[in-house]
Structures are given as C-alpha cells and as structure tokens.
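*Asks:* Here it is: the structure, laid out below.
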Amino acid sequence: MARYRVAVVGTGRVGALWETDPPTGVSHAGAFALLPECELVAGANRGRERLEAFGRRFGVSALYSDYAAMLREVRPDIVCVATHPGSHAAIVEEAVACGVRAIFCEKPMALNMADTDRIIAACERAGVLLSVNHSRRWYPAYQRARELLREGAIGDLVAMTGYCQGGKPAPSWQSELEGPLLHDATHLFDILRFFAGEARWVAATAARRVHTQYPVEDDSSALIGFDGGVTAITQVNELSAYSRFEVELHGTRGAMRLGNDGCAIGRAVPIHIENPPADHPEFEWQRLEWTPLEVEPGPPAFLLAARELVDALEGRTTLRSTGADGRASMEIIEAIYESQRRGSAPVPLPLPPGTDALAALARERGWA
C-alpha cells in the first residue's frame, strides 16, 4: 500500500501534460506516479479539459475545479503546486492548514518577496517540507561540474557568465508581472548560487525594448557580486528567435561550459612561442583546450526531485532545493528590478523584508 497520497494543483503543462505515455517522470504528476511509495489521488485545475486529461492519463477520479475543496476533502500527504506563481502562497497556506506533510512547489515561488516569505513561514510553522523545482540542481552535468570545481579542476572560481534567452513561449504565454526574469531566469540565478554561494549585490537593467505587449521587461543585463569576490554577468531576454540557457564558470586555470548544447571543460595549456622577447625568455602564454564533460545521463530531474522529497520525509536525506534557495533566487530578481529603479546603481543584499520592486517599477513605467 502507498504510504503517501499525492495531489496536484495545476494539471497543465508542467503539472501533467509534459508527461509521456507511459510516464517517464518528466512532470509533477508523472514523477510521483512512478514512485512505489506514492499514489496520485487527486488533481485540481481551473480548466476542465486539462483536468480531465490528467484524470484519464493517471487514473484519478477525484478531480476538482476548486483546489481548497480538494485539499479539505482529500487531505493529501504531498501536494505539487504547479500553477501560476501569483497563486502559490494561498495554495501552500491552504495545504498546510489541511495537514499536508510536504510540498513540491514550481518555480518561481511567487511574484514578490512578501508572498515568498508567506510560503516559507507557513511551512516552517507546521514542520512541512518544502522543495522548490529548480531542476538543474538535479542534472548530472551540473552536479559533476560542482564536484570538479570543488576539486580544483579549473583552479579558483573568479567569474561566471550566464544566458537565458528565448525561453518564454511568446507570444502565447503572457502573465501579469511575469516576464523572462521570473519565468525562466530563476533557474539561472539559482544555478549561479549553486556554484558560487550567496549573492551580495546586484547592478542591473530591466527594460521593455521591443515587445510592448509584454506586461513587464523583455530584456535584462546584470552584474552580480557573490561570496569571495566572484562576479557574474547575465543576459536574460526575450529578443531572440532561438532558445539559449548557458552558464560558463571561469577559473584561474580553466573554465567549464554548461548548457542546452552540451557541456565541456577547458583546461589551460601552454602556447609554444617561437621567438619570446629577449628580455623575458621565460614568457609564456596559455590557451583553453576544450574537451567534452563526460557525464552519465540520469533519470529526469522531476523524478529525482520526487524521490528526494520522499526520502527526506523518511529521514534518509536532505533537500537540495529548499524554500531558502527559492527565496534567494527571487531576491536577486527583485534586486535587478530595484537596481533599474535606481538608475542601475548597485543594490546590496539582503533586501529589506517585503520588498516588491517589480510592482513599484511596473507602476512607475506604466507597465501595469
């Protein structure tokens, strides 16, 4: 018999529709459906068509248009929150009030820091486990890259570059106050923290350059300072026809490149100089010699995250993407908006509690 009864709030794409047939664990519902300790018992969604498709796919008959009614009547142990981020806080609070034991929350956690903190506080008060779906933390390549970094394979980390371009499925996806920074770049800022630790300041832009139909920005550039003096430069926009997610780690003796088009490690090797300067016969120049980063493919990140959440409930492991991690990524984005409000001046972190720079910027620019 299953030990954990699982309900999904939001049975759209990431909640259930991305799943293959038979399921392989590439969605919230599909991942938990594959775990022997778990049983999908209910789903909630505003649109009936996607809700019924979820029911047919996973053999679930308890289908609700009202998530609160579902939580009160079904009383699940684990709840997947896969709705628009503006609704997450209310859903989590209701789930906690109904006795849930663990929550797997889609990124971003919310649209502002106040709602993010509501989620964390509700879970902490009740002792509810909270895992946030920053999926690259479960990717084998990113795990291996962090191991190599800690082993000194590229020397000391000094800088990073990151790109998140063309990830928002425009023009069909439009949500109030959710541009490319919040929609997909939460992954980027989270994975930079994964490698470099805590961010300490941000200087940035967030502009609406081309897509005037967007409710917020379509382009952002940022300079971010991390622990130990490591800096990162990021480009986040919805200006390209192509989709690109890529991170480069720059070390004192090499570099690593991680992205949609593969992963590689570059190690510094000497360049032979035919005629070195007479006054500097020891002169040496080096270049990066790139080779593929060999990593064994693993199960889907959703499935690994679901497995980890169950193991954490049973005391066998800890969570690798917590509410605190989700909050830190959100805070970097809020700092980007705040820096734009200040004429791209540096903004120190942490931000004051309750900061809602995005809403303030949208009002000032007439975006909202």
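Labels for the structure tokens follow display order: chains A, B, ..., residues from 1 in each chain, ligands from 1.
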What are the closest atom pairs, with distances in Å to one decimal, for all residues of region 263-334 of chain A lying within 10 Å of region 147-166 of chain A? Consider only C-alpha atoms, order rows by chain and residue number, and present the result as a tab-separated table.

*Replies:*
```
residue	atom	partner	partner_atom	distance
A:Ile265	CA	A:Ile154	CA	8.3
A:Gly266	CA	A:Ile154	CA	7.9
A:Arg267	CA	A:Ile154	CA	6.7
A:Ala268	CA	A:Ile154	CA	8.4
```

*Asks:* Atoms to include: N, CA and C atoms. Write the selected residues as a compact mmCIF listing (two decimals), in the first residue's frame.

*Replies:*
```
# COMPACT_ATOMS: atom_id res chain seq x y z
N ILE A 265 34.71 21.10 -20.57
CA ILE A 265 35.67 21.67 -19.64
C ILE A 265 36.89 22.12 -20.44
N GLY A 266 37.36 23.31 -20.14
CA GLY A 266 38.54 23.85 -20.81
C GLY A 266 39.67 23.99 -19.81
N ARG A 267 40.82 23.39 -20.14
CA ARG A 267 41.98 23.47 -19.26
C ARG A 267 43.08 24.29 -19.93
N ALA A 268 43.77 25.09 -19.13
CA ALA A 268 44.82 25.95 -19.65
C ALA A 268 46.03 25.11 -20.06
```

*Asks:* Which residues, written as a PyMOL selection string, have at least one atom at most 10 Å from Asp117 (chain A), with only C-alpha atoms counted and residues fewer than 3 positions away on the same chain left out?

*Replies:* chain A and resi 89+109-110+112-114+120-123+323-324+327+353-354

*Asks:* Using only C-alpha atoms, which of A:Asp356, A:Glu308, A:Glu334, A:Glu49 sits nearest Ala102 (chain A)?

*Replies:*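 Nearest candidate to Ala102 (chain A) out of A:Asp356, A:Glu308, A:Glu334, A:Glu49: A:Glu308.
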
*Asks:* How many Å separate CA of Glu178 (chain A) from CA of Leu111 (chain A)?

*Replies:*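 Rounded to one decimal, the two atoms are 7.4 Å apart.
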
*Asks:* Let's see if you can do this: from backbone DSSP, list all strand (DSSP E) residues in region 202-270 of chain A, as a ChimeraX atom specification.

*Replies:* /A:202-207,219-226,231-237,244-251,254-259,262-270

*Asks:* If we count only C-alpha atoms and set the cut-off at 9 Å, which residues sit around Ala141 (chain A), ignoring sequence neighbours fewer than 6 positions away in its own chain? Please answer as number ranges by chain.

*Replies:* A: 258, 263, 293-297

*Asks:* Take the residues that were just selected and, keeping C-alpha atoms, output them as a short mmCIF file (atom, residue, chain, number, x, y, z; two decimals), in the first residue's frame.

*Replies:*
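The new file out_8.cif reads:
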```
data_model
loop_
_atom_site.label_atom_id
_atom_site.label_comp_id
_atom_site.auth_asym_id
_atom_site.auth_seq_id
_atom_site.Cartn_x
_atom_site.Cartn_y
_atom_site.Cartn_z
CA LEU A 258 27.20 24.05 -19.28
CA CYS A 263 28.86 20.59 -21.55
CA LEU A 293 32.47 16.95 -19.98
CA GLU A 294 31.72 13.25 -19.75
CA VAL A 295 28.65 12.67 -17.60
CA GLU A 296 26.45 9.62 -17.37
CA PRO A 297 22.84 10.53 -18.19
#
```

*Asks:* Going by DSSP on the backbone, which bits of region 80-240 of chain A are alpha helix (DSSP H)? Write them as a short mmCIF file (atom, residue, chain, number, x, y, z; two decimals) with N, CA, C and O atoms, in the first residue's frame, please.

*Replies:*
```cif
data_model
loop_
_atom_site.label_atom_id
_atom_site.label_comp_id
_atom_site.auth_asym_id
_atom_site.auth_seq_id
_atom_site.Cartn_x
_atom_site.Cartn_y
_atom_site.Cartn_z
N HIS A 88 0.66 30.80 -5.71
CA HIS A 88 1.34 29.79 -4.89
C HIS A 88 1.13 29.98 -3.40
O HIS A 88 0.92 29.01 -2.66
N ALA A 89 1.26 31.22 -2.92
CA ALA A 89 1.21 31.44 -1.47
C ALA A 89 -0.11 30.98 -0.87
O ALA A 89 -0.13 30.30 0.16
N ALA A 90 -1.22 31.34 -1.50
CA ALA A 90 -2.52 30.94 -0.97
C ALA A 90 -2.69 29.43 -1.00
O ALA A 90 -3.26 28.84 -0.06
N ILE A 91 -2.22 28.79 -2.05
CA ILE A 91 -2.34 27.33 -2.15
C ILE A 91 -1.53 26.65 -1.05
O ILE A 91 -2.00 25.72 -0.39
N VAL A 92 -0.30 27.11 -0.86
CA VAL A 92 0.55 26.50 0.17
C VAL A 92 -0.06 26.69 1.55
O VAL A 92 -0.10 25.74 2.36
N GLU A 93 -0.54 27.88 1.84
CA GLU A 93 -1.15 28.11 3.16
C GLU A 93 -2.35 27.20 3.38
O GLU A 93 -2.54 26.67 4.48
N GLU A 94 -3.17 27.02 2.36
CA GLU A 94 -4.33 26.13 2.49
C GLU A 94 -3.89 24.69 2.67
O GLU A 94 -4.46 23.95 3.49
N ALA A 95 -2.87 24.27 1.92
CA ALA A 95 -2.38 22.90 2.04
C ALA A 95 -1.84 22.63 3.44
O ALA A 95 -2.10 21.58 4.04
N VAL A 96 -1.09 23.59 3.97
CA VAL A 96 -0.54 23.44 5.32
C VAL A 96 -1.67 23.35 6.35
O VAL A 96 -1.64 22.52 7.26
N ALA A 97 -2.69 24.19 6.18
CA ALA A 97 -3.82 24.17 7.10
C ALA A 97 -4.56 22.84 7.05
O ALA A 97 -5.20 22.43 8.04
N MET A 113 8.54 39.26 -2.76
CA MET A 113 9.18 38.70 -1.57
C MET A 113 8.18 38.43 -0.44
O MET A 113 8.35 37.49 0.33
N ALA A 114 7.15 39.25 -0.34
CA ALA A 114 6.18 39.06 0.74
C ALA A 114 5.49 37.70 0.61
O ALA A 114 5.36 36.95 1.60
N ASP A 115 5.04 37.35 -0.61
CA ASP A 115 4.39 36.05 -0.80
C ASP A 115 5.38 34.89 -0.65
O ASP A 115 5.03 33.82 -0.16
N THR A 116 6.61 35.11 -1.09
CA THR A 116 7.65 34.10 -0.90
C THR A 116 7.82 33.81 0.58
O THR A 116 7.90 32.64 1.00
N ASP A 117 7.89 34.86 1.38
CA ASP A 117 8.06 34.67 2.82
C ASP A 117 6.83 34.05 3.47
O ASP A 117 6.94 33.33 4.47
N ARG A 118 5.64 34.32 2.93
CA ARG A 118 4.42 33.66 3.43
C ARG A 118 4.54 32.15 3.27
O ARG A 118 4.18 31.38 4.18
N ILE A 119 5.02 31.71 2.13
CA ILE A 119 5.16 30.28 1.85
C ILE A 119 6.12 29.64 2.84
O ILE A 119 5.84 28.59 3.44
N ILE A 120 7.28 30.27 2.99
CA ILE A 120 8.30 29.71 3.87
C ILE A 120 7.80 29.67 5.32
O ILE A 120 7.96 28.67 6.02
N ALA A 121 7.17 30.77 5.76
CA ALA A 121 6.70 30.84 7.14
C ALA A 121 5.63 29.79 7.42
O ALA A 121 5.64 29.14 8.48
N ALA A 122 4.71 29.60 6.49
CA ALA A 122 3.65 28.61 6.69
C ALA A 122 4.23 27.22 6.84
O ALA A 122 3.82 26.44 7.72
N CYS A 123 5.20 26.88 6.00
CA CYS A 123 5.81 25.55 6.06
C CYS A 123 6.64 25.38 7.32
O CYS A 123 6.61 24.32 7.96
N GLU A 124 7.39 26.41 7.69
CA GLU A 124 8.24 26.29 8.88
C GLU A 124 7.40 26.14 10.15
O GLU A 124 7.74 25.35 11.03
N ARG A 125 6.30 26.88 10.25
CA ARG A 125 5.46 26.80 11.45
C ARG A 125 4.90 25.39 11.65
O ARG A 125 4.78 24.92 12.78
N ALA A 126 4.57 24.74 10.56
CA ALA A 126 3.93 23.42 10.65
C ALA A 126 4.91 22.27 10.46
O ALA A 126 4.49 21.11 10.50
N PRO A 140 22.76 15.71 -13.77
CA PRO A 140 24.08 15.13 -13.53
C PRO A 140 25.23 16.04 -13.95
O PRO A 140 26.26 16.08 -13.27
N ALA A 141 25.09 16.76 -15.06
CA ALA A 141 26.18 17.62 -15.53
C ALA A 141 26.49 18.74 -14.55
O ALA A 141 27.66 19.06 -14.28
N TYR A 142 25.46 19.35 -13.97
CA TYR A 142 25.68 20.43 -13.02
C TYR A 142 26.23 19.88 -11.70
O TYR A 142 27.08 20.51 -11.05
N GLN A 143 25.78 18.69 -11.31
CA GLN A 143 26.33 18.05 -10.13
C GLN A 143 27.83 17.75 -10.33
O GLN A 143 28.66 18.02 -9.45
N ARG A 144 28.16 17.20 -11.49
CA ARG A 144 29.56 16.87 -11.78
C ARG A 144 30.41 18.13 -11.86
O ARG A 144 31.56 18.15 -11.37
N ALA A 145 29.88 19.19 -12.45
CA ALA A 145 30.63 20.43 -12.55
C ALA A 145 30.96 20.99 -11.18
O ALA A 145 32.07 21.49 -10.94
N ARG A 146 30.02 20.91 -10.24
CA ARG A 146 30.30 21.42 -8.90
C ARG A 146 31.35 20.55 -8.21
O ARG A 146 32.22 21.07 -7.50
N GLU A 147 31.30 19.25 -8.42
CA GLU A 147 32.34 18.38 -7.86
C GLU A 147 33.72 18.76 -8.40
O GLU A 147 34.69 18.88 -7.64
N LEU A 148 33.81 18.96 -9.71
CA LEU A 148 35.08 19.33 -10.32
C LEU A 148 35.57 20.68 -9.82
O LEU A 148 36.77 20.88 -9.58
N LEU A 149 34.64 21.61 -9.66
CA LEU A 149 35.01 22.93 -9.15
C LEU A 149 35.59 22.81 -7.75
O LEU A 149 36.64 23.42 -7.44
N ARG A 150 34.96 22.02 -6.90
CA ARG A 150 35.44 21.85 -5.53
C ARG A 150 36.75 21.09 -5.47
O ARG A 150 37.55 21.24 -4.53
N PRO A 180 10.52 37.40 -18.64
CA PRO A 180 11.54 36.36 -18.73
C PRO A 180 12.38 36.21 -17.46
O PRO A 180 12.87 35.12 -17.18
N LEU A 181 12.56 37.28 -16.69
CA LEU A 181 13.33 37.15 -15.45
C LEU A 181 12.67 36.16 -14.50
O LEU A 181 13.31 35.25 -13.97
N LEU A 182 11.38 36.31 -14.29
CA LEU A 182 10.67 35.43 -13.37
C LEU A 182 10.30 34.10 -14.01
O LEU A 182 10.24 33.07 -13.33
N HIS A 183 10.02 34.12 -15.30
CA HIS A 183 9.51 32.90 -15.91
C HIS A 183 10.56 31.80 -15.97
O HIS A 183 10.30 30.65 -15.59
N ALA A 185 14.42 32.68 -15.80
CA ALA A 185 15.75 33.04 -15.29
C ALA A 185 15.91 32.75 -13.81
O ALA A 185 17.03 32.82 -13.29
N THR A 186 14.83 32.40 -13.11
CA THR A 186 15.00 31.91 -11.74
C THR A 186 15.95 30.71 -11.72
O THR A 186 16.74 30.55 -10.79
N HIS A 187 15.90 29.87 -12.77
CA HIS A 187 16.84 28.77 -12.89
C HIS A 187 18.28 29.27 -12.97
O HIS A 187 19.19 28.70 -12.36
N LEU A 188 18.48 30.32 -13.76
CA LEU A 188 19.83 30.84 -13.97
C LEU A 188 20.43 31.36 -12.67
O LEU A 188 21.57 31.01 -12.30
N PHE A 189 19.69 32.19 -11.95
CA PHE A 189 20.23 32.78 -10.73
C PHE A 189 20.41 31.71 -9.64
O PHE A 189 21.35 31.77 -8.84
N ASP A 190 19.54 30.72 -9.64
CA ASP A 190 19.70 29.64 -8.68
C ASP A 190 20.96 28.85 -8.95
O ASP A 190 21.71 28.50 -8.02
N ILE A 191 21.24 28.54 -10.21
CA ILE A 191 22.40 27.71 -10.50
C ILE A 191 23.69 28.49 -10.31
O ILE A 191 24.74 27.91 -9.98
N LEU A 192 23.67 29.80 -10.48
CA LEU A 192 24.86 30.60 -10.15
C LEU A 192 25.16 30.51 -8.66
O LEU A 192 26.32 30.39 -8.25
N ARG A 193 24.12 30.56 -7.82
CA ARG A 193 24.30 30.39 -6.38
C ARG A 193 24.80 28.97 -6.06
O ARG A 193 25.59 28.78 -5.13
N PHE A 194 24.33 28.00 -6.81
CA PHE A 194 24.74 26.60 -6.63
C PHE A 194 26.26 26.48 -6.72
O PHE A 194 26.88 25.69 -6.01
N PHE A 195 26.87 27.28 -7.59
CA PHE A 195 28.31 27.23 -7.78
C PHE A 195 29.08 28.23 -6.91
O PHE A 195 30.19 27.93 -6.46
N ALA A 196 28.51 29.40 -6.67
CA ALA A 196 29.30 30.49 -6.06
C ALA A 196 28.87 30.88 -4.66
O ALA A 196 29.54 31.70 -4.04
#
```

*Asks:* For CA of Cys80 (chain A) and CA of Arg137 (chain A), determine how far apart the two atoms are, in Å to one decimal place.

*Replies:*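 Separation between CA of Cys80 (chain A) and CA of Arg137 (chain A): 18.1 Å.
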
*Asks:* Of the candidates A:Glu238, A:Glu37, A:Glu289, A:Asp227, which shows the shortest atom-to-atom distance to Met256 (chain A), using only C-alpha atoms?

*Replies:* A:Glu289

*Asks:* Out of A:Arg72, A:Arg48, A:Arg320, A:Arg209, which residue has the shortest atom-to-atom distance to Ala305 (chain A) when counting only C-alpha atoms?

*Replies:*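 Of A:Arg72, A:Arg48, A:Arg320, A:Arg209, the one nearest Ala305 (chain A) is A:Arg320, counting only C-alpha atoms.
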
*Asks:* Rank nothing, just name the residue among A:Trp18, A:Phe58, A:Trp290, A:Phe104 nearest to Leu34 (chain A), using only C-alpha atoms.

*Replies:*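 When distances to Leu34 (chain A) are compared using only C-alpha atoms, the smallest one comes from A:Phe58.
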
*Asks:* Pick from A:Asp325, A:Glu106, A:Glu284, A:Glu198: nearest to Pro348 (chain A), with only C-alpha atoms counted?

*Replies:*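 The closest residue to Pro348 (chain A) is A:Glu198.
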
*Asks:* Quick one: residues within 12 Å of Tyr64 (chain A), only C-alpha atoms, excluding same-chain residues fewer than 4 positions away - as a VMD selection string?

*Replies:* chain A and resid 7 to 11 41 to 52 54 to 55 60 68 to 74

*Asks:* Nearest to Arg363 (chain A): which of A:Gly229, A:Pro346, A:Pro36, A:Pro215 is it, counting only C-alpha atoms?

*Replies:*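 Of the candidates, the smallest distance to Arg363 (chain A) is held by A:Pro215.
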